[in-house]
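Participant: Input file: run_21.cif. Contents: mmCIF, N, CA and C atoms.
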```cif
data_entry
#
loop_
_atom_site.group_PDB
_atom_site.id
_atom_site.type_symbol
_atom_site.label_atom_id
_atom_site.label_comp_id
_atom_site.auth_asym_id
_atom_site.auth_seq_id
_atom_site.Cartn_x
_atom_site.Cartn_y
_atom_site.Cartn_z
ATOM 1 N N MET Y 12 5.500 63.047 24.240
ATOM 2 C CA MET Y 12 5.098 63.279 22.886
ATOM 3 C C MET Y 12 3.727 62.667 22.674
ATOM 4 N N ARG Y 13 2.864 63.373 22.068
ATOM 5 C CA ARG Y 13 1.487 62.958 21.882
ATOM 6 C C ARG Y 13 1.274 62.492 20.440
ATOM 7 N N ALA Y 14 0.591 61.331 20.283
ATOM 8 C CA ALA Y 14 0.325 60.801 18.947
ATOM 9 C C ALA Y 14 -0.814 61.584 18.321
ATOM 10 N N THR Y 15 -0.672 61.839 17.052
ATOM 11 C CA THR Y 15 -1.750 62.544 16.362
ATOM 12 C C THR Y 15 -2.851 61.564 16.019
ATOM 13 N N SER Y 16 -4.026 62.077 15.785
ATOM 14 C CA SER Y 16 -5.167 61.214 15.500
ATOM 15 C C SER Y 16 -5.026 60.520 14.153
ATOM 16 N N SER Y 17 -4.329 61.145 13.196
ATOM 17 C CA SER Y 17 -4.173 60.516 11.895
ATOM 18 C C SER Y 17 -3.266 59.293 11.977
ATOM 19 N N SER Y 18 -2.218 59.345 12.812
ATOM 20 C CA SER Y 18 -1.332 58.185 12.934
ATOM 21 C C SER Y 18 -2.017 57.068 13.717
ATOM 22 N N SER Y 19 -2.837 57.425 14.706
ATOM 23 C CA SER Y 19 -3.534 56.391 15.467
ATOM 24 C C SER Y 19 -4.611 55.714 14.625
ATOM 25 N N THR Y 20 -5.264 56.469 13.745
ATOM 26 C CA THR Y 20 -6.251 55.831 12.871
ATOM 27 C C THR Y 20 -5.553 54.970 11.823
ATOM 28 N N GLY Y 21 -4.361 55.367 11.404
ATOM 29 C CA GLY Y 21 -3.591 54.553 10.461
ATOM 30 C C GLY Y 21 -3.168 53.230 11.077
ATOM 31 N N ILE Y 22 -2.740 53.281 12.338
ATOM 32 C CA ILE Y 22 -2.350 52.059 13.054
ATOM 33 C C ILE Y 22 -3.571 51.177 13.270
ATOM 34 N N ALA Y 23 -4.686 51.789 13.632
ATOM 35 C CA ALA Y 23 -5.919 51.028 13.836
ATOM 36 C C ALA Y 23 -6.361 50.363 12.534
ATOM 37 N N ALA Y 24 -6.205 51.078 11.420
ATOM 38 C CA ALA Y 24 -6.582 50.502 10.131
ATOM 39 C C ALA Y 24 -5.669 49.329 9.775
ATOM 40 N N MET Y 25 -4.374 49.451 10.069
ATOM 41 C CA MET Y 25 -3.445 48.346 9.804
ATOM 42 C C MET Y 25 -3.777 47.136 10.671
ATOM 43 N N LEU Y 26 -4.082 47.370 11.950
ATOM 44 C CA LEU Y 26 -4.452 46.271 12.838
ATOM 45 C C LEU Y 26 -5.744 45.610 12.377
ATOM 46 N N ARG Y 27 -6.713 46.422 11.969
ATOM 47 C CA ARG Y 27 -7.990 45.900 11.486
ATOM 48 C C ARG Y 27 -7.777 45.068 10.230
ATOM 49 N N SER Y 28 -6.919 45.544 9.332
ATOM 50 C CA SER Y 28 -6.617 44.816 8.099
ATOM 51 C C SER Y 28 -5.917 43.491 8.410
ATOM 52 N N GLY Y 29 -4.985 43.514 9.333
ATOM 53 C CA GLY Y 29 -4.288 42.290 9.724
ATOM 54 C C GLY Y 29 -5.219 41.285 10.371
ATOM 55 N N ALA Y 30 -6.098 41.773 11.243
ATOM 56 C CA ALA Y 30 -7.063 40.887 11.890
ATOM 57 C C ALA Y 30 -8.024 40.299 10.860
ATOM 58 N N ASP Y 31 -8.437 41.122 9.892
ATOM 59 C CA ASP Y 31 -9.336 40.648 8.845
ATOM 60 C C ASP Y 31 -8.654 39.545 8.027
ATOM 61 N N SER Y 32 -7.395 39.744 7.682
ATOM 62 C CA SER Y 32 -6.649 38.737 6.935
ATOM 63 C C SER Y 32 -6.509 37.449 7.744
ATOM 64 N N LEU Y 33 -6.232 37.585 9.029
ATOM 65 C CA LEU Y 33 -6.102 36.414 9.890
ATOM 66 C C LEU Y 33 -7.416 35.643 9.957
ATOM 67 N N PHE Y 34 -8.528 36.337 10.112
ATOM 68 C CA PHE Y 34 -9.828 35.673 10.185
ATOM 69 C C PHE Y 34 -10.187 35.003 8.860
ATOM 70 N N LYS Y 35 -9.835 35.626 7.747
ATOM 71 C CA LYS Y 35 -10.080 34.999 6.448
ATOM 72 C C LYS Y 35 -9.260 33.723 6.304
ATOM 73 N N PHE Y 36 -8.005 33.766 6.761
ATOM 74 C CA PHE Y 36 -7.152 32.585 6.698
ATOM 75 C C PHE Y 36 -7.709 31.465 7.572
ATOM 76 N N LEU Y 37 -8.134 31.795 8.780
ATOM 77 C CA LEU Y 37 -8.684 30.783 9.675
ATOM 78 C C LEU Y 37 -9.980 30.196 9.127
ATOM 79 N N ALA Y 38 -10.788 31.021 8.483
ATOM 80 C CA ALA Y 38 -12.021 30.524 7.868
ATOM 81 C C ALA Y 38 -11.688 29.588 6.709
ATOM 82 N N TRP Y 39 -10.637 29.908 5.944
ATOM 83 C CA TRP Y 39 -10.231 29.056 4.833
ATOM 84 C C TRP Y 39 -9.745 27.695 5.342
ATOM 85 N N ILE Y 40 -9.007 27.704 6.440
ATOM 86 C CA ILE Y 40 -8.539 26.445 7.024
ATOM 87 C C ILE Y 40 -9.731 25.618 7.501
ATOM 88 N N GLY Y 41 -10.740 26.279 8.049
ATOM 89 C CA GLY Y 41 -11.912 25.570 8.532
ATOM 90 C C GLY Y 41 -12.713 24.916 7.429
ATOM 91 N N LYS Y 42 -12.585 25.391 6.207
ATOM 92 C CA LYS Y 42 -13.340 24.813 5.090
ATOM 93 C C LYS Y 42 -12.672 23.574 4.519
ATOM 94 N N GLU Y 43 -11.384 23.385 4.800
ATOM 95 C CA GLU Y 43 -10.671 22.234 4.267
ATOM 96 C C GLU Y 43 -11.170 20.961 4.958
ATOM 97 N N PRO Y 44 -11.312 19.892 4.199
ATOM 98 C CA PRO Y 44 -11.758 18.635 4.823
ATOM 99 C C PRO Y 44 -10.678 18.082 5.740
ATOM 100 N N VAL Y 45 -11.099 17.582 6.855
ATOM 101 C CA VAL Y 45 -10.173 17.010 7.826
ATOM 102 C C VAL Y 45 -10.177 15.500 7.626
ATOM 103 N N THR Y 46 -9.016 14.954 7.375
ATOM 104 C CA THR Y 46 -8.933 13.509 7.224
ATOM 105 C C THR Y 46 -8.855 12.893 8.613
ATOM 106 N N VAL Y 47 -9.698 11.944 8.849
ATOM 107 C CA VAL Y 47 -9.778 11.299 10.150
ATOM 108 C C VAL Y 47 -8.899 10.058 10.125
ATOM 109 N N TYR Y 48 -8.081 9.918 11.127
ATOM 110 C CA TYR Y 48 -7.233 8.737 11.231
ATOM 111 C C TYR Y 48 -8.084 7.563 11.663
ATOM 112 N N ARG Y 49 -8.078 6.523 10.851
ATOM 113 C CA ARG Y 49 -8.798 5.300 11.188
ATOM 114 C C ARG Y 49 -7.781 4.192 11.397
ATOM 115 N N PRO Y 50 -7.509 3.803 12.633
ATOM 116 C CA PRO Y 50 -6.472 2.806 12.887
ATOM 117 C C PRO Y 50 -6.790 1.456 12.249
ATOM 118 N N GLU Y 51 -8.065 1.120 12.082
ATOM 119 C CA GLU Y 51 -8.399 -0.173 11.492
ATOM 120 C C GLU Y 51 -7.952 -0.260 10.032
ATOM 121 N N ALA Y 52 -7.792 0.891 9.370
ATOM 122 C CA ALA Y 52 -7.314 0.889 7.993
ATOM 123 C C ALA Y 52 -5.814 0.596 7.928
ATOM 124 N N HIS Y 53 -5.097 0.793 9.016
ATOM 125 C CA HIS Y 53 -3.656 0.591 9.052
ATOM 126 C C HIS Y 53 -3.255 -0.570 9.953
ATOM 127 N N TYR Y 54 -4.226 -1.274 10.454
ATOM 128 C CA TYR Y 54 -3.951 -2.337 11.411
ATOM 129 C C TYR Y 54 -3.390 -3.554 10.684
ATOM 130 N N MET Y 55 -2.255 -4.036 11.153
ATOM 131 C CA MET Y 55 -1.654 -5.231 10.569
ATOM 132 C C MET Y 55 -1.877 -6.377 11.539
ATOM 133 N N ARG Y 56 -2.511 -7.422 11.049
ATOM 134 C CA ARG Y 56 -2.885 -8.524 11.918
ATOM 135 C C ARG Y 56 -1.781 -9.540 12.118
ATOM 136 N N GLY Y 57 -0.713 -9.407 11.400
ATOM 137 C CA GLY Y 57 0.366 -10.370 11.548
ATOM 138 C C GLY Y 57 0.500 -11.228 10.307
ATOM 139 N N PRO Y 58 1.326 -12.277 10.388
ATOM 140 C CA PRO Y 58 1.562 -13.120 9.227
ATOM 141 C C PRO Y 58 0.290 -13.842 8.795
ATOM 142 N N GLY Y 59 0.167 -14.042 7.507
ATOM 143 C CA GLY Y 59 -1.006 -14.715 6.964
ATOM 144 C C GLY Y 59 -0.791 -16.209 6.838
ATOM 145 N N PRO Y 60 -1.757 -16.903 6.268
ATOM 146 C CA PRO Y 60 -1.678 -18.358 6.167
ATOM 147 C C PRO Y 60 -0.544 -18.853 5.265
ATOM 148 N N ALA Y 61 -0.177 -18.097 4.250
ATOM 149 C CA ALA Y 61 0.931 -18.522 3.389
ATOM 150 C C ALA Y 61 2.248 -18.508 4.163
ATOM 151 N N TRP Y 62 2.450 -17.496 5.008
ATOM 152 C CA TRP Y 62 3.664 -17.434 5.815
ATOM 153 C C TRP Y 62 3.692 -18.602 6.800
ATOM 154 N N ARG Y 63 2.553 -18.892 7.396
ATOM 155 C CA ARG Y 63 2.486 -20.006 8.357
ATOM 156 C C ARG Y 63 2.769 -21.343 7.666
ATOM 157 N N ALA Y 64 2.251 -21.501 6.448
ATOM 158 C CA ALA Y 64 2.470 -22.751 5.724
ATOM 159 C C ALA Y 64 3.944 -22.933 5.391
ATOM 160 N N LYS Y 65 4.617 -21.840 5.122
ATOM 161 C CA LYS Y 65 6.027 -21.930 4.760
ATOM 162 C C LYS Y 65 6.924 -22.119 5.983
ATOM 163 N N HIS Y 66 6.636 -21.403 7.056
ATOM 164 C CA HIS Y 66 7.525 -21.391 8.221
ATOM 165 C C HIS Y 66 7.120 -22.339 9.338
ATOM 166 N N LEU Y 67 5.870 -22.725 9.393
ATOM 167 C CA LEU Y 67 5.408 -23.627 10.448
ATOM 168 C C LEU Y 67 4.752 -24.844 9.803
ATOM 169 N N PRO Y 68 5.527 -25.760 9.285
ATOM 170 C CA PRO Y 68 4.926 -26.919 8.609
ATOM 171 C C PRO Y 68 4.079 -27.736 9.577
ATOM 172 N N GLY Y 69 2.953 -28.216 9.073
ATOM 173 C CA GLY Y 69 2.054 -29.009 9.901
ATOM 174 C C GLY Y 69 1.005 -28.177 10.613
ATOM 175 N N GLN Y 70 1.145 -26.869 10.660
ATOM 176 C CA GLN Y 70 0.177 -26.014 11.362
ATOM 177 C C GLN Y 70 -1.053 -25.730 10.498
ATOM 178 N N VAL Y 71 -0.832 -25.483 9.212
ATOM 179 C CA VAL Y 71 -1.926 -25.134 8.329
ATOM 180 C C VAL Y 71 -2.055 -26.258 7.308
ATOM 181 N N ALA Y 72 -3.050 -27.100 7.495
ATOM 182 C CA ALA Y 72 -3.204 -28.265 6.621
ATOM 183 C C ALA Y 72 -4.011 -27.945 5.375
ATOM 184 N N SER Y 73 -4.757 -26.838 5.376
ATOM 185 C CA SER Y 73 -5.647 -26.552 4.249
ATOM 186 C C SER Y 73 -4.909 -25.936 3.064
ATOM 187 N N LEU Y 74 -3.692 -25.460 3.246
ATOM 188 C CA LEU Y 74 -2.954 -24.816 2.170
ATOM 189 C C LEU Y 74 -1.980 -25.798 1.534
ATOM 190 N N ARG Y 75 -1.778 -25.647 0.220
ATOM 191 C CA ARG Y 75 -0.760 -26.452 -0.411
ATOM 192 C C ARG Y 75 0.619 -25.903 -0.044
ATOM 193 N N ARG Y 76 1.616 -26.631 -0.308
ATOM 194 C CA ARG Y 76 2.956 -26.230 0.079
ATOM 195 C C ARG Y 76 3.407 -25.025 -0.730
ATOM 196 N N VAL Y 77 3.988 -24.052 -0.045
ATOM 197 C CA VAL Y 77 4.493 -22.838 -0.675
ATOM 198 C C VAL Y 77 5.947 -23.038 -0.980
ATOM 199 N N ARG Y 78 6.380 -22.628 -2.185
ATOM 200 C CA ARG Y 78 7.786 -22.810 -2.578
ATOM 201 C C ARG Y 78 8.706 -21.950 -1.776
#
```
I'd like the structure from this file rewritten - as structure tokens, please.
Facilitator:
Amino acid sequence: MRATSSSSTGIAAMLRSGADSLFKFLAWIGKEPVTVYRPEAHYMRGPGPAWRAKHLPGQVASLRRVR
């Protein structure tokens, strides 16, 4: 069975329309700002001086006693 030229142009038009929509979507994604992960913004250095004053008496002499 042989495809007619009108059906093949219809399929080509649908494929072209789909590709156009896909490219528009990809271009839209490319315009969105990408948030960069900065580990230093989430870096936890560990317990601070107040924790040390409470749990390790005698280690931090510059802080007053924490209740």
Participant: To one decimal place, how far is atom N of Ala38 (chain Y) from CA of Leu26 (chain Y) in Å?
Facilitator: 17.1 Å
Participant: Just how far from CA of Ala30 (chain Y) is atom C of Ser18 (chain Y), in Å to one decimal?
Facilitator: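 So the answer is 17.0 Å.
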Participant: Can you list, as a VMD selection string, every residue of region 34-71 of chain Y that DSSP puts in helix (DSSP H, G or I)?
Facilitator: chain Y and resid 34 to 42 50 to 53 60 to 66
Participant: As lines of an AutoDock Vina configuration file, please: the centre and edge lengths in Å, to one decimal, of an axis-aligned box enclosing every listed atom of region 28-36 of chain Y with 6 Å added on each side.
Facilitator:
```
center_x = -7.2
center_y = 38.5
center_z = 9.1
size_x = 17.9
size_y = 26.1
size_z = 17.6
```
Participant: Quick check, in Å to one decimal: how far apart do atom N of Gly41 (chain Y) and CA of Ser28 (chain Y) lie?
Facilitator: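 For atom N of Gly41 (chain Y) relative to CA of Ser28 (chain Y), the distance reads 19.0 Å.
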Participant: If I only have part of region 37-57 of chain Y, can you fill in N, CA, C and O atoms and write it as a short mmCIF file (atom, residue, chain, number, x, y, z; two decimals), in the frame of the given file?
Facilitator:
```
data_model
loop_
_atom_site.label_atom_id
_atom_site.label_comp_id
_atom_site.auth_asym_id
_atom_site.auth_seq_id
_atom_site.Cartn_x
_atom_site.Cartn_y
_atom_site.Cartn_z
N LEU Y 37 -8.13 31.80 8.78
CA LEU Y 37 -8.68 30.78 9.68
C LEU Y 37 -9.98 30.20 9.13
O LEU Y 37 -10.25 29.00 9.28
N ALA Y 38 -10.79 31.02 8.48
CA ALA Y 38 -12.02 30.52 7.87
C ALA Y 38 -11.69 29.59 6.71
O ALA Y 38 -12.36 28.57 6.50
N TRP Y 39 -10.64 29.91 5.94
CA TRP Y 39 -10.23 29.06 4.83
C TRP Y 39 -9.74 27.70 5.34
O TRP Y 39 -10.05 26.66 4.77
N ILE Y 40 -9.01 27.70 6.44
CA ILE Y 40 -8.54 26.44 7.02
C ILE Y 40 -9.73 25.62 7.50
O ILE Y 40 -9.75 24.40 7.35
N GLY Y 41 -10.74 26.28 8.05
CA GLY Y 41 -11.91 25.57 8.53
C GLY Y 41 -12.71 24.92 7.43
O GLY Y 41 -13.44 23.95 7.67
N LYS Y 42 -12.58 25.39 6.21
CA LYS Y 42 -13.34 24.81 5.09
C LYS Y 42 -12.67 23.57 4.52
O LYS Y 42 -13.30 22.80 3.82
N GLU Y 43 -11.38 23.38 4.80
CA GLU Y 43 -10.67 22.23 4.27
C GLU Y 43 -11.17 20.96 4.96
O GLU Y 43 -11.40 20.95 6.16
N PRO Y 44 -11.31 19.89 4.20
CA PRO Y 44 -11.76 18.64 4.82
C PRO Y 44 -10.68 18.08 5.74
O PRO Y 44 -9.50 18.13 5.42
N VAL Y 45 -11.10 17.58 6.86
CA VAL Y 45 -10.17 17.01 7.83
C VAL Y 45 -10.18 15.50 7.63
O VAL Y 45 -11.23 14.86 7.67
N THR Y 46 -9.02 14.95 7.38
CA THR Y 46 -8.93 13.51 7.22
C THR Y 46 -8.86 12.89 8.61
O THR Y 46 -8.04 13.29 9.44
N VAL Y 47 -9.70 11.94 8.85
CA VAL Y 47 -9.78 11.30 10.15
C VAL Y 47 -8.90 10.06 10.12
O VAL Y 47 -8.96 9.27 9.19
N TYR Y 48 -8.08 9.92 11.13
CA TYR Y 48 -7.23 8.74 11.23
C TYR Y 48 -8.08 7.56 11.66
O TYR Y 48 -8.77 7.62 12.68
N ARG Y 49 -8.08 6.52 10.85
CA ARG Y 49 -8.80 5.30 11.19
C ARG Y 49 -7.78 4.19 11.40
O ARG Y 49 -7.21 3.69 10.44
N PRO Y 50 -7.51 3.80 12.63
CA PRO Y 50 -6.47 2.81 12.89
C PRO Y 50 -6.79 1.46 12.25
O PRO Y 50 -5.89 0.72 11.88
N GLU Y 51 -8.06 1.12 12.08
CA GLU Y 51 -8.40 -0.17 11.49
C GLU Y 51 -7.95 -0.26 10.03
O GLU Y 51 -7.73 -1.34 9.51
N ALA Y 52 -7.79 0.89 9.37
CA ALA Y 52 -7.31 0.89 7.99
C ALA Y 52 -5.81 0.60 7.93
O ALA Y 52 -5.31 0.18 6.89
N HIS Y 53 -5.10 0.79 9.02
CA HIS Y 53 -3.66 0.59 9.05
C HIS Y 53 -3.26 -0.57 9.95
O HIS Y 53 -2.08 -0.78 10.19
N TYR Y 54 -4.23 -1.27 10.45
CA TYR Y 54 -3.95 -2.34 11.41
C TYR Y 54 -3.39 -3.55 10.68
O TYR Y 54 -3.95 -4.03 9.71
N MET Y 55 -2.26 -4.04 11.15
CA MET Y 55 -1.65 -5.23 10.57
C MET Y 55 -1.88 -6.38 11.54
O MET Y 55 -1.47 -6.32 12.69
N ARG Y 56 -2.51 -7.42 11.05
CA ARG Y 56 -2.88 -8.52 11.92
C ARG Y 56 -1.78 -9.54 12.12
O ARG Y 56 -1.93 -10.46 12.89
N GLY Y 57 -0.71 -9.41 11.40
CA GLY Y 57 0.37 -10.37 11.55
C GLY Y 57 0.50 -11.23 10.31
O GLY Y 57 -0.13 -11.00 9.29
#
```
